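Have a look at the structure below before the remarks.
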Protein chains: 4
Amino acid sequence: MKKLWSGRFKEKTSKIVEYFTGSISFDHRLWKYDIKGSIAHAKMLGKQGIITLEESKKIIKGLEEITNEIETGRFVFREELEDIHMNIESALIKKIGDTGGKLHTARSRNDQIALDLRLFIRTEIKGIIVLVKKFQKTLLNISIKHLDTLMPGYTHLQRAQPVLLSHHILAYVEMLQRDVERLKDALKRVNLLPLGSCAVAGTSLPVDRAYVAKLLEFDGVSQNSIDAVSDRDFVIEFLSNAAIIIMHLSRLAEELVLWSTEEFKFMELPDAFATGSSIMPQKKNPDVAELVRGKTGRVYGSLLSLLTIMKGLPLSYNRDMQEDKIPLFDTVDTIKACLTVMNEMFPGIKFNTKRMHETADEAYSTATDVAEYLVKKGLSFRKAHEITGKIVLYCVEGKKKLGDLTLKELHNFSGLFSNDIYSCLKAEESVKSRRSPGGTSLKEVTKQIIRLRKIVGGR
Amino acid sequence: MKKLWSGRFKEKTSKIVEYFTGSISFDHRLWKYDIKGSIAHAKMLGKQGIITLEESKKIIKGLEEITNEIETGRFVFREELEDIHMNIESALIKKIGDTGGKLHTARSRNDQIALDLRLFIRTEIKGIIVLVKKFQKTLLNISIKHLDTLMPGYTHLQRAQPVLLSHHILAYVEMLQRDVERLKDALKRVNLLPLGSCAVAGTSLPVDRAYVAKLLEFDGVSQNSIDAVSDRDFVIEFLSNAAIIIMHLSRLAEELVLWSTEEFKFMELPDAFATGSSIMPQKKNPDVAELVRGKTGRVYGSLLSLLTIMKGLPLSYNRDMQEDKIPLFDTVDTIKACLTVMNEMFPGIKFNTKRMHETADEAYSTATDVAEYLVKKGLSFRKAHEITGKIVLYCVEGKKKLGDLTLKELHNFSGLFSNDIYSCLKAEESVKSRRSPGGTSLKEVTKQIIRLRKIVGGR
Amino acid sequence: MKKLWSGRFKEKTSKIVEYFTGSISFDHRLWKYDIKGSIAHAKMLGKQGIITLEESKKIIKGLEEITNEIETGRFVFREELEDIHMNIESALIKKIGDTGGKLHTARSRNDQIALDLRLFIRTEIKGIIVLVKKFQKTLLNISIKHLDTLMPGYTHLQRAQPVLLSHHILAYVEMLQRDVERLKDALKRVNLLPLGSCAVAGTSLPVDRAYVAKLLEFDGVSQNSIDAVSDRDFVIEFLSNAAIIIMHLSRLAEELVLWSTEEFKFMELPDAFATGSSIMPQKKNPDVAELVRGKTGRVYGSLLSLLTIMKGLPLSYNRDMQEDKIPLFDTVDTIKACLTVMNEMFPGIKFNTKRMHETADEAYSTATDVAEYLVKKGLSFRKAHEITGKIVLYCVEGKKKLGDLTLKELHNFSGLFSNDIYSCLKAEESVKSRRSPGGTSLKEVTKQIIRLRKIVGGR
Amino acid sequence: MKKLWSGRFKEKTSKIVEYFTGSISFDHRLWKYDIKGSIAHAKMLGKQGIITLEESKKIIKGLEEITNEIETGRFVFREELEDIHMNIESALIKKIGDTGGKLHTARSRNDQIALDLRLFIRTEIKGIIVLVKKFQKTLLNISIKHLDTLMPGYTHLQRAQPVLLSHHILAYVEMLQRDVERLKDALKRVNLLPLGSCAVAGTSLPVDRAYVAKLLEFDGVSQNSIDAVSDRDFVIEFLSNAAIIIMHLSRLAEELVLWSTEEFKFMELPDAFATGSSIMPQKKNPDVAELVRGKTGRVYGSLLSLLTIMKGLPLSYNRDMQEDKIPLFDTVDTIKACLTVMNEMFPGIKFNTKRMHETADEAYSTATDVAEYLVKKGLSFRKAHEITGKIVLYCVEGKKKLGDLTLKELHNFSGLFSNDIYSCLKAEESVKSRRSPGGTSLKEVTKQIIRLRKIVGGR
């Protein structure tokens with residue numbers, strides 16, 4: 001089949017070049033956006049008299065038929081037609097004749113692909129926001145269910161201070177909320193119409209770009225044709241946001257893996273979300289969490305790919321930019337799959353709240369409370385810290401718990417201790433006392449849940 | 001010198017561990033923010049009666065003296081004191097005695113470093129925005145100076161259509177404008193107070209976080225103590241923004257390198273911004289542009305570093321996160337240096353406008369105008385494109401320019417040509433005709449300059 | 001269909017988990033290696049009496065039938081069977097009954113996938129070496145064809161000194177030769193048998209690993225079962241090598257793009273290896289080169305993906321490692337496609353040798369020869385450099401070429417010049433004089449071609 | 001101070017350009033290699049009569065004096081002299097007059113920096129190999145000390161099968177051995193002399209490159225001058241190797257972090273290698289391991305930086321390449337520091353062998369042995385696996401251990417069980433049975449230790 005741009009060429013394109021440069025094998029995924037954009041473009045051409053209204057209608061009807069053919073699987077995408085644009089334009093010309101050749105008036109593939117990508121990303125960002133919110137809701141529900149479950153809070157993966165499981169889970173709801181906000185900010189920069197920039201210089205034909213923008217629900221039009229066809233910032237910005245999302249999920253996944261170990265034993269995965277071993281009959285593996293963690297590499301790699309591609313490219317469009325699609329598509333799919341599977345898996349997780357509570361009480365996790373006790377009795381924090389450190393060392397060497405110490409023993413370290421110290425030593429009391437805003441006390445956590453439900457439910 | 005946390009330890013820290021884990025060699029850079037945060041914290045402790053007002057004042061006075069010592073170079077940072085926090089707290093205790101040990105009440109290094117980093121990034125983002133705007137202004141001035149200079153617009157680094165140099169330069173002003181907007185969006189997520197999260201769980205002491213936020217001009221306080229000490233999203237988001245900025249600069253740098261070649265010869269660098277060769281006496285090299293392009297690798301690497309660090313880290317703080325500082329500092333310095341040197345260099349560039357204009361007229365760069373001419377005469381764009389392609393091939397083979405063709409020759413390709421075709425063939429006319437919004441016509445470009453001056457000058 | 005590991009599970013795996021964790025959609029590509037490994041394993045089991053010889057033969061026959069089914073497209077890969085191993089084992093059991101269940105004796109999927117990957121990479125590395133050598137030969141042939149074509153050698157993309165086009169092209173042959181050597185070194189670490197490591201600990205069954213290694217033509221067996229199932233060094237090492245290969249190709253691609261510009265005009269691409277524009281009828285774009293350059297991002301991204309995946313993974317196998325396949329497969333395909341298309345494209349390139357020669361003579365590219373001339377007359381190189389620099393400046397300001405200067409003018413700069421200086425000023429003479437080993441003189445270049453032909457042809 | 005290349009320039013270099021392009025702030029680190037290379041070059045120039053023998057000696061003497069000045073801290077590196085080469089050459093000229101200006105005869109900074117880098121990397125690779133071997137020895141000693149300590153082997157961080165601690169540690173010795181081999185392979189490509197390539201084209205002066213190579217102990221000379229000055233493969237290859245090394249260390253570090261948790265409690269760090277908390281007096285954190293893990297990001301970032309820098313650079317030298325030094329230096333320092341600190345820390349680790357042994361016996365970790373028992377009694381592995389899975393499920397639900405089951409209970413699952421099953425159920429017996437090469441039996445592990453001691457001690 002003859003290339004639509006072959007006028008100036010004497011030889012046919014080599015087969016290997018068709019294969020190597022063709023993008024239809026992956027950009028066919030954009031067909032819906034390509035046709036949507038073409039319909040809006042045709043409407044505008046008709047309205048402006050650049051083509052006749054009849055021609056415009058004929059084109060739109062043809063495009064609608066093609067839509068139908070694609071949806072019902074009757075459309076054949078052809079590699080020798082390079083890309084989604086040429087595949088559809090060729091089919092249109094075949095269907096409605098020379099009039100089809102008028103569709104590409106006042107546009108270029110350079111602004112067309114920018115349009116398709118923007119429509120695609122706009123849709124996908126919105127879809128991802130919905131998935132994030134769903135997952136936030138799931139996590140909020142789990143927080144509510146485990147509102148007062150005690151567990152050890154960790155720093156350096158060492159037990160640090162007792163916290164509430166609900167508080168711990170809310171940390172992820174906060175992260176996801178930042179993800180939503182970043183996506184919304186990105187959307188502002190996505191939602192601009194590039195069409196009408198044509199190849200690079202704009203057009204001499206009397207197009208109405210604002211009208212097309214309105215038809216396609218864009219917030220505005222791009223303001224520089226050279227920039228518009230060579231800009232992939234919006235893809236990179238989305239990929240950066242995706243990288244942070246998967247980073248967040250990888251941290252949660254890491255915790256699921258840890259908590260599922262025999263050693264932590266903080267939770268058990270539902271059978272339906274774990275897998276077995278081909279050789280070891282007893283195994284029940286947290287594969288889903290591991291894969292979410294592993295897929296982080298994939299998303300980081302995609303971000304890096306696009307940054308590498310764009311580095312040092314002179315203006316304006318260069319064919320290198322075609323390589324933006326695979327990392328973009330893969331990232332969209334990966335993020336959506338990870339959010340979905342995590343969201344499905346969480347409600348089935350059984351938290352071993354008894355063990356969590358017990359461990360919260362172990363390992364001197366209320367030592368900071370002892371120090372704060374001494375501060376309230378008038379010591380400087382540094383002194384209080386030092387004394388408590390020595391008490392802990394005494395316990396470690398004598399294999400005692402803090403609660404085992406008699407008042408007499410405590411007085412060897414400081415005369416300020418009295419009987420009220422013992423209530424400080426319980427994880428429960430420790431948690432209750434952390435009433436600072438954002439702290440782990442039940443009251444504070446409840447307040448945060450209410451706040452977050454409002455935000456998350458807000459749409 | 002004894003570690004402030006050494007109560008529980010029997011052995012002294014190994015020298016190699018001090019060296020390996022110490023961060024004072026780089027985080028001393030944060031001293032101003034560390035002290036600023038400590039002063040606000042001390043004020044709050046006094047106001048809340050957690051320490052006495054006298055103690056509070058004594059601490060603040062001590063910190064001010066330390067500020068003075070650092071500014072005048074009399075302060076010695078000590079590696080065995082690990083980090084900026086411990087260096088300053090130790091100096092304070094040495095200076096004002098045990099009262100100094102009260103400063104660390106109700107805070108941890110975990111929330112303190114989060115605070116310091118946020119104050120640092122806030123300042124630097126604002127500084128970078130100023131530099132971007134300066135550079136935008138410089139570019140706008142060059143656009144104005146070269147308002148009607150013709151040059152070839154490129155796609156695939158092949159001459160595509162004539163454009164205005166001003167239009168081409170404005171493409172970069174647009175990119176930089178998106179950079180500004182991204183930085184401003186990031187700032188929203190930076191400007192929250194983490195202090196009061198303490199180690200991980202909040203505190204039992206009656207702190208007033210909102211007051212500290214107000215003193216430090218934050219927009220609000222973080223809402224989850226676990227999240228607050230383990231969040232580095234704001235660093236990554238800044239690094240992503242920086243990666244896009246340097247990507248933009250690398251594209252501009254690439255063009256400077258290209259345009260400075262003997263082959264393009266579109267411009268000449270001022271002697272003061274070029275360097276010579278140690279062996280070849282005739283060389284004048286565009287080193288600045290090459291280095292800006294090269295430094296792209298550095299910023300990308302830093303972004304990747306931090307993403308790698310954060311991947312799969314369980315909550316909350318882990319020491320890995322200390323590795324955030326070097327890539328952050330390096331990126332800030334690199335971006336600022338690149339923006340500054342580009343901004344200084346540009347006004348001295350001599351554009352070879354004569355050659356630009358000539359080349360805009362060469363290489364069939366108005367072939368699209370011929371096609372649009374035929375469209376206006378009623379042909380479908382596809383037909384018009386094909387005919388024009390054949391004309392170009394005819395010219396290539398006969399070594400002719402489009403303007404050389406007689407009407408008779410043109411009629412061999414289409415009967416629609418008349419004498420008015422010749423005005424289409426000149427770059428000047430071509431540019432003039434691109435009146436679509438965002439297009440390269442003088443009128444449109446002028447409109448954009450006015451719009452952008454308003455935006456850029458807006459601060 | 002029941003999972004082969006489901007004994008311990010009460011619930012069925014969730015559909016979404018099957019989809020999310022399944023790898024058959026991509027690892028089916030390993031089927032040939034999987035079966036090859038299984039046949040060798042079955043032979044060994046039979047030889048060792050772990051299963052009977054009849055059982056062994058039955059299994060092998062079954063596997064051969066499956067091979068046939070896959071080759072003729074009659075085999076259905078099923079997502080619910082997770083991966084290539086389970087798909088084939090299930091089919092085998094279905095085909096030959098319970099005996100099929102004996103194949104997985106003394107092995108695990110953990111060592112099986114390590115085996116499949118090593119067989120795959122071994123084959124692909126060898127294939128890539130063949131493609132690199134082919135391309136080296138093509139480049140060598142072009143060097144021979146353009147043995148004495150002059151062109152400007154560049155540093156900083158500024159014309160530096162005249163060189164031979166053949167010499168320039170040989171630089172790439174050298175790079176590719178290092179690529180071959182790196183691949184061969186990598187092969188040493190790939191070509192070890194992991195099978196027999198089982199899940200992690202080895203086996204209590206009396207396997208003969210050396211025998212399997214011999215059957216599969218491995219150089220030896222892995223020496224630590226824990227390491228063997230958790231090692232992906234060989235994948236990363238291959239990806240690093242691939243990253244350097246594509247980096248080399250990206251440099252060559254950049255030069256093709258530059259040399260195809262109107263400005264350089266050093267070459268013309270064959271029509272069959274260029275593409276047109278959908279809007280601009282005159283365009284002939286170097287898309288192949290641009291895409292090769294763009295695909296660099298893809299390979300870099302894949303390398304980074306795997307590095308990210310492996311970071312911080314505790315021993316031994318973790319499911320994250322399943323994510324190694326897509327970046328690996330994609331890199332293999334990308335590298336092979338790029339090498340192939342470059343190799344096909346090169347012979348059709350028409351070098352514009354006339355323009356190359358002319359430009360080699362321009363732009364004071366023999367200034368270094370003037371300096372070396374003065375050195376031979378006794379000046380220190382620094383003095384000679386300075387004098388020549390001044391002569392160039394004099395020429396630039398007076399718009400003269402070096403060859404235009406009279407002896408009188410030259411004497412204003414140094415009395416050492418005599419008539420023999422003029423022969424130094426011609427590019428041809430300059431090139432001829434660079435007789436140092438590795439230099440650009442015809443004699444040296446010829447020597448290198450002979451050396452490289454021996455190396456490249458050597459296999 | 002006047003630039004040595006300023007002959008052709010009319011304006012002085014701008015201060016900001018000096019600062020921006022200068023490399024002396026970091027490349028001063030190469031001074032020893034720069035002088036070493038210059039001395040060899042001067043010797044050759046003298047030997048070949050390009051300069052007189054007296055001149056040669058004078059230069060060498062001057063360079064030796066400069067060496068002495070640098071070593072004793074009396075040498076001042078000056079930013080306005082750009083780089084290490086110009087700093088030293090200028091000092092030489094100042095010291096010995098115009099003769100100093102003869103040193104740069106027949107060389108360029110382009111081949112000089114390539115030389116310095118190769119000498120630097122050669123030295124550092126050798127140093128790193130020594131450190132790796134030291135660490136291997138340390139690990140081997142620990143293996144010997146814990147030759148028969150039982151522990152659970154993990155897959156998916158779930159207990160899989162009992163293994164020996166020595167076997168687990170040997171896995172890292174294997175990884176490190178591959179690292180050594182990769183470094184040695186890289187060395188082959190590092191150890192070639194680039195000097196004599198000059199700027200790009202070689203030289204017309206009668207240099208003796210082989211002689212310089214011999215003086216500097218290179219294995220040979222580079223064969224293409226254009227390639228030699230634009231090649232940074234050897235830096236990237238080293239960075240790739242470093243990335244794999246730190247990846248290995250990050251896995252080990254992750255295990256140290258896990259094993260130090262209260263939950264695993266497999267080991268305790270020496271006090272001297274742990275750090276405390278500024279707020280929580282009981283904390284003892286594995287900071288060293290965390291930082292090693294975190295520094296992985298840094299090394300990955302450096303690798304990516306250099307790959308990004310080199311992407312798409314046309315031949316030959318471009319100033320972008322100056323950006324290779326900081327990532328290279330940083331990686332060398334990071335790898336050396338991590339290897340050193342890990343090596344120092346390991347001997348002080350107290351392994352909690354009692355707990356390790358106990359956990360090896362828990363969690364059905366010998367289920368595979370049950371399955372292999374049934375295989376030996378004639379069942380197919382698949383059947384055996386299924387039956388064992390059901391037994392495990394029966395135990396999980398009844399909260400029993402495998403060893404608790406009576407023969408009667410076992411017979412409910414299979415009639416093949418007899419009394420000899422009970423010895424299979426002990427971790428000790430399980431380990432003993434894994435006699436396959438590379439397996440975890442004491443005999444096999446001992447064999448490996450002997451093999452590795454030979455390799456590691458071998459140099």
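Naming scheme: A, B, ... for chains in displayed order of the structure tokens; residues 1 onward per chain; ligands 1 onward as shown.
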Subject >> Exercise: Pro162 of chain B partners within 6 Å, only C-alpha atoms, chain neighbours under 2 positions left out, as a ChimeraX atom specification >> reply: /B:151-153,360,427
May I have the selected residues written with C-alpha atoms, as a short mmCIF file (atom, residue, chain, number, x, y, z; two decimals), in the first residue's frame?
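File produced: selection.cif:
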```
data_model
loop_
_atom_site.label_atom_id
_atom_site.label_comp_id
_atom_site.auth_asym_id
_atom_site.auth_seq_id
_atom_site.Cartn_x
_atom_site.Cartn_y
_atom_site.Cartn_z
CA MET B 151 15.02 31.00 10.19
CA PRO B 152 14.19 27.46 9.18
CA GLY B 153 11.95 25.61 11.57
CA ALA B 360 14.95 29.67 5.59
CA ALA B 427 9.90 32.24 3.40
#
```
**OP:** For chain D, work out the contacting residues on chain A at 6 Å, counting only C-alpha atoms, and write them as a list in words.
**Re:** Gln158, Thr261, Glu263, Phe264, Met280, Pro281, Gln282, Thr368, His385, Thr388, Gly389 and Val392 of chain A
Original post:
What's the 9 Å shell around Glu80 of chain A, counting only C-alpha atoms, without same-chain residues fewer than 3 positions away, as a PyMOL selection string?
Top reply: chain A and resi 1-3+15+18-19+22+24+83+87
Export all heavy atoms of the chosen residues as a PDB file, in the first residue's frame?
```pdb
ATOM      1  N   MET A   1       0.832  -1.206   0.000  1.00  0.00           N
ATOM      2  CA  MET A   1       0.000   0.000   0.000  1.00  0.00           C
ATOM      3  C   MET A   1       0.868   1.259   0.000  1.00  0.00           C
ATOM      4  O   MET A   1       1.836   1.347   0.750  1.00  0.00           O
ATOM      5  CB  MET A   1      -0.904  -0.016   1.244  1.00  0.00           C
ATOM      6  CG  MET A   1      -1.955   1.065   1.200  1.00  0.00           C
ATOM      7  SD  MET A   1      -3.166   0.869   2.542  1.00  0.00           S
ATOM      8  CE  MET A   1      -4.341  -0.256   1.837  1.00  0.00           C
ATOM      9  N   LYS A   2       0.518   2.184  -0.855  1.00  0.00           N
ATOM     10  CA  LYS A   2       1.348   3.379  -1.017  1.00  0.00           C
ATOM     11  C   LYS A   2       1.302   4.258   0.227  1.00  0.00           C
ATOM     12  O   LYS A   2       0.253   4.467   0.825  1.00  0.00           O
ATOM     13  CB  LYS A   2       0.869   4.181  -2.230  1.00  0.00           C
ATOM     14  CG  LYS A   2       1.992   4.897  -2.952  1.00  0.00           C
ATOM     15  CD  LYS A   2       1.497   5.547  -4.237  1.00  0.00           C
ATOM     16  CE  LYS A   2       0.686   6.791  -3.912  1.00  0.00           C
ATOM     17  NZ  LYS A   2       0.317   7.547  -5.125  1.00  0.00           N
ATOM     18  N   LYS A   3       2.441   4.782   0.608  1.00  0.00           N
ATOM     19  CA  LYS A   3       2.489   5.732   1.716  1.00  0.00           C
ATOM     20  C   LYS A   3       1.802   7.020   1.302  1.00  0.00           C
ATOM     21  O   LYS A   3       1.959   7.486   0.168  1.00  0.00           O
ATOM     22  CB  LYS A   3       3.939   6.068   2.077  1.00  0.00           C
ATOM     23  CG  LYS A   3       4.753   4.889   2.547  1.00  0.00           C
ATOM     24  CD  LYS A   3       4.393   4.516   3.966  1.00  0.00           C
ATOM     25  CE  LYS A   3       5.277   3.376   4.430  1.00  0.00           C
ATOM     26  NZ  LYS A   3       5.028   2.113   3.685  1.00  0.00           N
ATOM     27  N   LYS A  15      11.254  -3.080   3.903  1.00  0.00           N
ATOM     28  CA  LYS A  15      10.401  -3.830   4.838  1.00  0.00           C
ATOM     29  C   LYS A  15      10.906  -3.679   6.273  1.00  0.00           C
ATOM     30  O   LYS A  15      10.144  -3.492   7.215  1.00  0.00           O
ATOM     31  CB  LYS A  15      10.399  -5.331   4.468  1.00  0.00           C
ATOM     32  CG  LYS A  15       9.295  -5.733   3.492  1.00  0.00           C
ATOM     33  CD  LYS A  15       7.917  -5.731   4.156  1.00  0.00           C
ATOM     34  CE  LYS A  15       6.839  -5.350   3.149  1.00  0.00           C
ATOM     35  NZ  LYS A  15       5.632  -4.810   3.747  1.00  0.00           N
ATOM     36  N   GLU A  18       9.975  -0.400   7.678  1.00  0.00           N
ATOM     37  CA  GLU A  18       8.557  -0.379   8.066  1.00  0.00           C
ATOM     38  C   GLU A  18       8.367  -1.012   9.433  1.00  0.00           C
ATOM     39  O   GLU A  18       7.669  -0.502  10.292  1.00  0.00           O
ATOM     40  CB  GLU A  18       7.712  -1.148   7.038  1.00  0.00           C
ATOM     41  CG  GLU A  18       7.330  -0.282   5.862  1.00  0.00           C
ATOM     42  CD  GLU A  18       6.419  -1.008   4.873  1.00  0.00           C
ATOM     43  OE1 GLU A  18       6.122  -2.198   5.099  1.00  0.00           O
ATOM     44  OE2 GLU A  18       6.032  -0.366   3.894  1.00  0.00           O
ATOM     45  N   TYR A  19       9.021  -2.153   9.596  1.00  0.00           N
ATOM     46  CA  TYR A  19       8.902  -2.852  10.854  1.00  0.00           C
ATOM     47  C   TYR A  19       9.536  -2.052  11.993  1.00  0.00           C
ATOM     48  O   TYR A  19       9.002  -1.922  13.081  1.00  0.00           O
ATOM     49  CB  TYR A  19       9.561  -4.234  10.735  1.00  0.00           C
ATOM     50  CG  TYR A  19       9.762  -4.911  12.053  1.00  0.00           C
ATOM     51  CD1 TYR A  19       8.687  -5.509  12.711  1.00  0.00           C
ATOM     52  CD2 TYR A  19      11.011  -4.920  12.666  1.00  0.00           C
ATOM     53  CE1 TYR A  19       8.872  -6.110  13.943  1.00  0.00           C
ATOM     54  CE2 TYR A  19      11.191  -5.518  13.889  1.00  0.00           C
ATOM     55  CZ  TYR A  19      10.123  -6.113  14.530  1.00  0.00           C
ATOM     56  OH  TYR A  19      10.295  -6.696  15.747  1.00  0.00           O
ATOM     57  N   GLY A  22       7.635   1.451  12.444  1.00  0.00           N
ATOM     58  CA  GLY A  22       6.195   1.388  12.645  1.00  0.00           C
ATOM     59  C   GLY A  22       5.821   1.442  14.116  1.00  0.00           C
ATOM     60  O   GLY A  22       6.530   0.926  14.975  1.00  0.00           O
ATOM     61  N   ILE A  24       2.284   1.108  14.864  1.00  0.00           N
ATOM     62  CA  ILE A  24       0.886   0.663  14.946  1.00  0.00           C
ATOM     63  C   ILE A  24       0.731  -0.505  15.930  1.00  0.00           C
ATOM     64  O   ILE A  24      -0.317  -0.647  16.564  1.00  0.00           O
ATOM     65  CB  ILE A  24       0.341   0.299  13.535  1.00  0.00           C
ATOM     66  CG1 ILE A  24      -1.163   0.052  13.599  1.00  0.00           C
ATOM     67  CG2 ILE A  24       1.052  -0.892  12.927  1.00  0.00           C
ATOM     68  CD1 ILE A  24      -1.963   1.272  14.007  1.00  0.00           C
ATOM     69  N   ASP A  83       1.352   3.965  11.481  1.00  0.00           N
ATOM     70  CA  ASP A  83       0.871   4.357  12.801  1.00  0.00           C
ATOM     71  C   ASP A  83      -0.652   4.449  12.810  1.00  0.00           C
ATOM     72  O   ASP A  83      -1.318   4.202  11.804  1.00  0.00           O
ATOM     73  CB  ASP A  83       1.511   5.691  13.221  1.00  0.00           C
ATOM     74  CG  ASP A  83       1.276   6.789  12.191  1.00  0.00           C
ATOM     75  OD1 ASP A  83       0.257   6.742  11.477  1.00  0.00           O
ATOM     76  OD2 ASP A  83       2.139   7.683  12.089  1.00  0.00           O
ATOM     77  N   ASN A  87      -3.281   4.659   9.556  1.00  0.00           N
ATOM     78  CA  ASN A  87      -4.213   3.551   9.427  1.00  0.00           C
ATOM     79  C   ASN A  87      -5.645   4.062   9.314  1.00  0.00           C
ATOM     80  O   ASN A  87      -6.407   3.609   8.463  1.00  0.00           O
ATOM     81  CB  ASN A  87      -4.096   2.608  10.633  1.00  0.00           C
ATOM     82  CG  ASN A  87      -3.144   1.459  10.375  1.00  0.00           C
ATOM     83  OD1 ASN A  87      -3.558   0.422   9.847  1.00  0.00           O
ATOM     84  ND2 ASN A  87      -1.868   1.639  10.707  1.00  0.00           N
TER      85      ASN A  87
END
```
**OP:** Excluding segment 443-456 of chain D and residues on its chain fewer than 4 positions from it, collect all residues at most 12 Å away from it, counting only C-alpha atoms, and give them as a PyMOL selection string.
**Re:** (chain C and resi 201-204+222-226) or (chain D and resi 129-149+163-178+180-181+431-439)
Original post:
as a PyMOL selection string, which residues of segment 147-304 of chain A does DSSP assign to strand (DSSP E or B)?
Top reply: chain A and resi 150-155+158-164+192-193+220-221+267-268+275+285
**OP:** Identify, on the basis of only C-alpha atoms, every residue whose closest approach to Pro194 of chain B does not exceed 12 Å; exclude the query and any residue fewer than 4 positions from it along the same chain; express the result as a count of residues only.
**Re:** 45
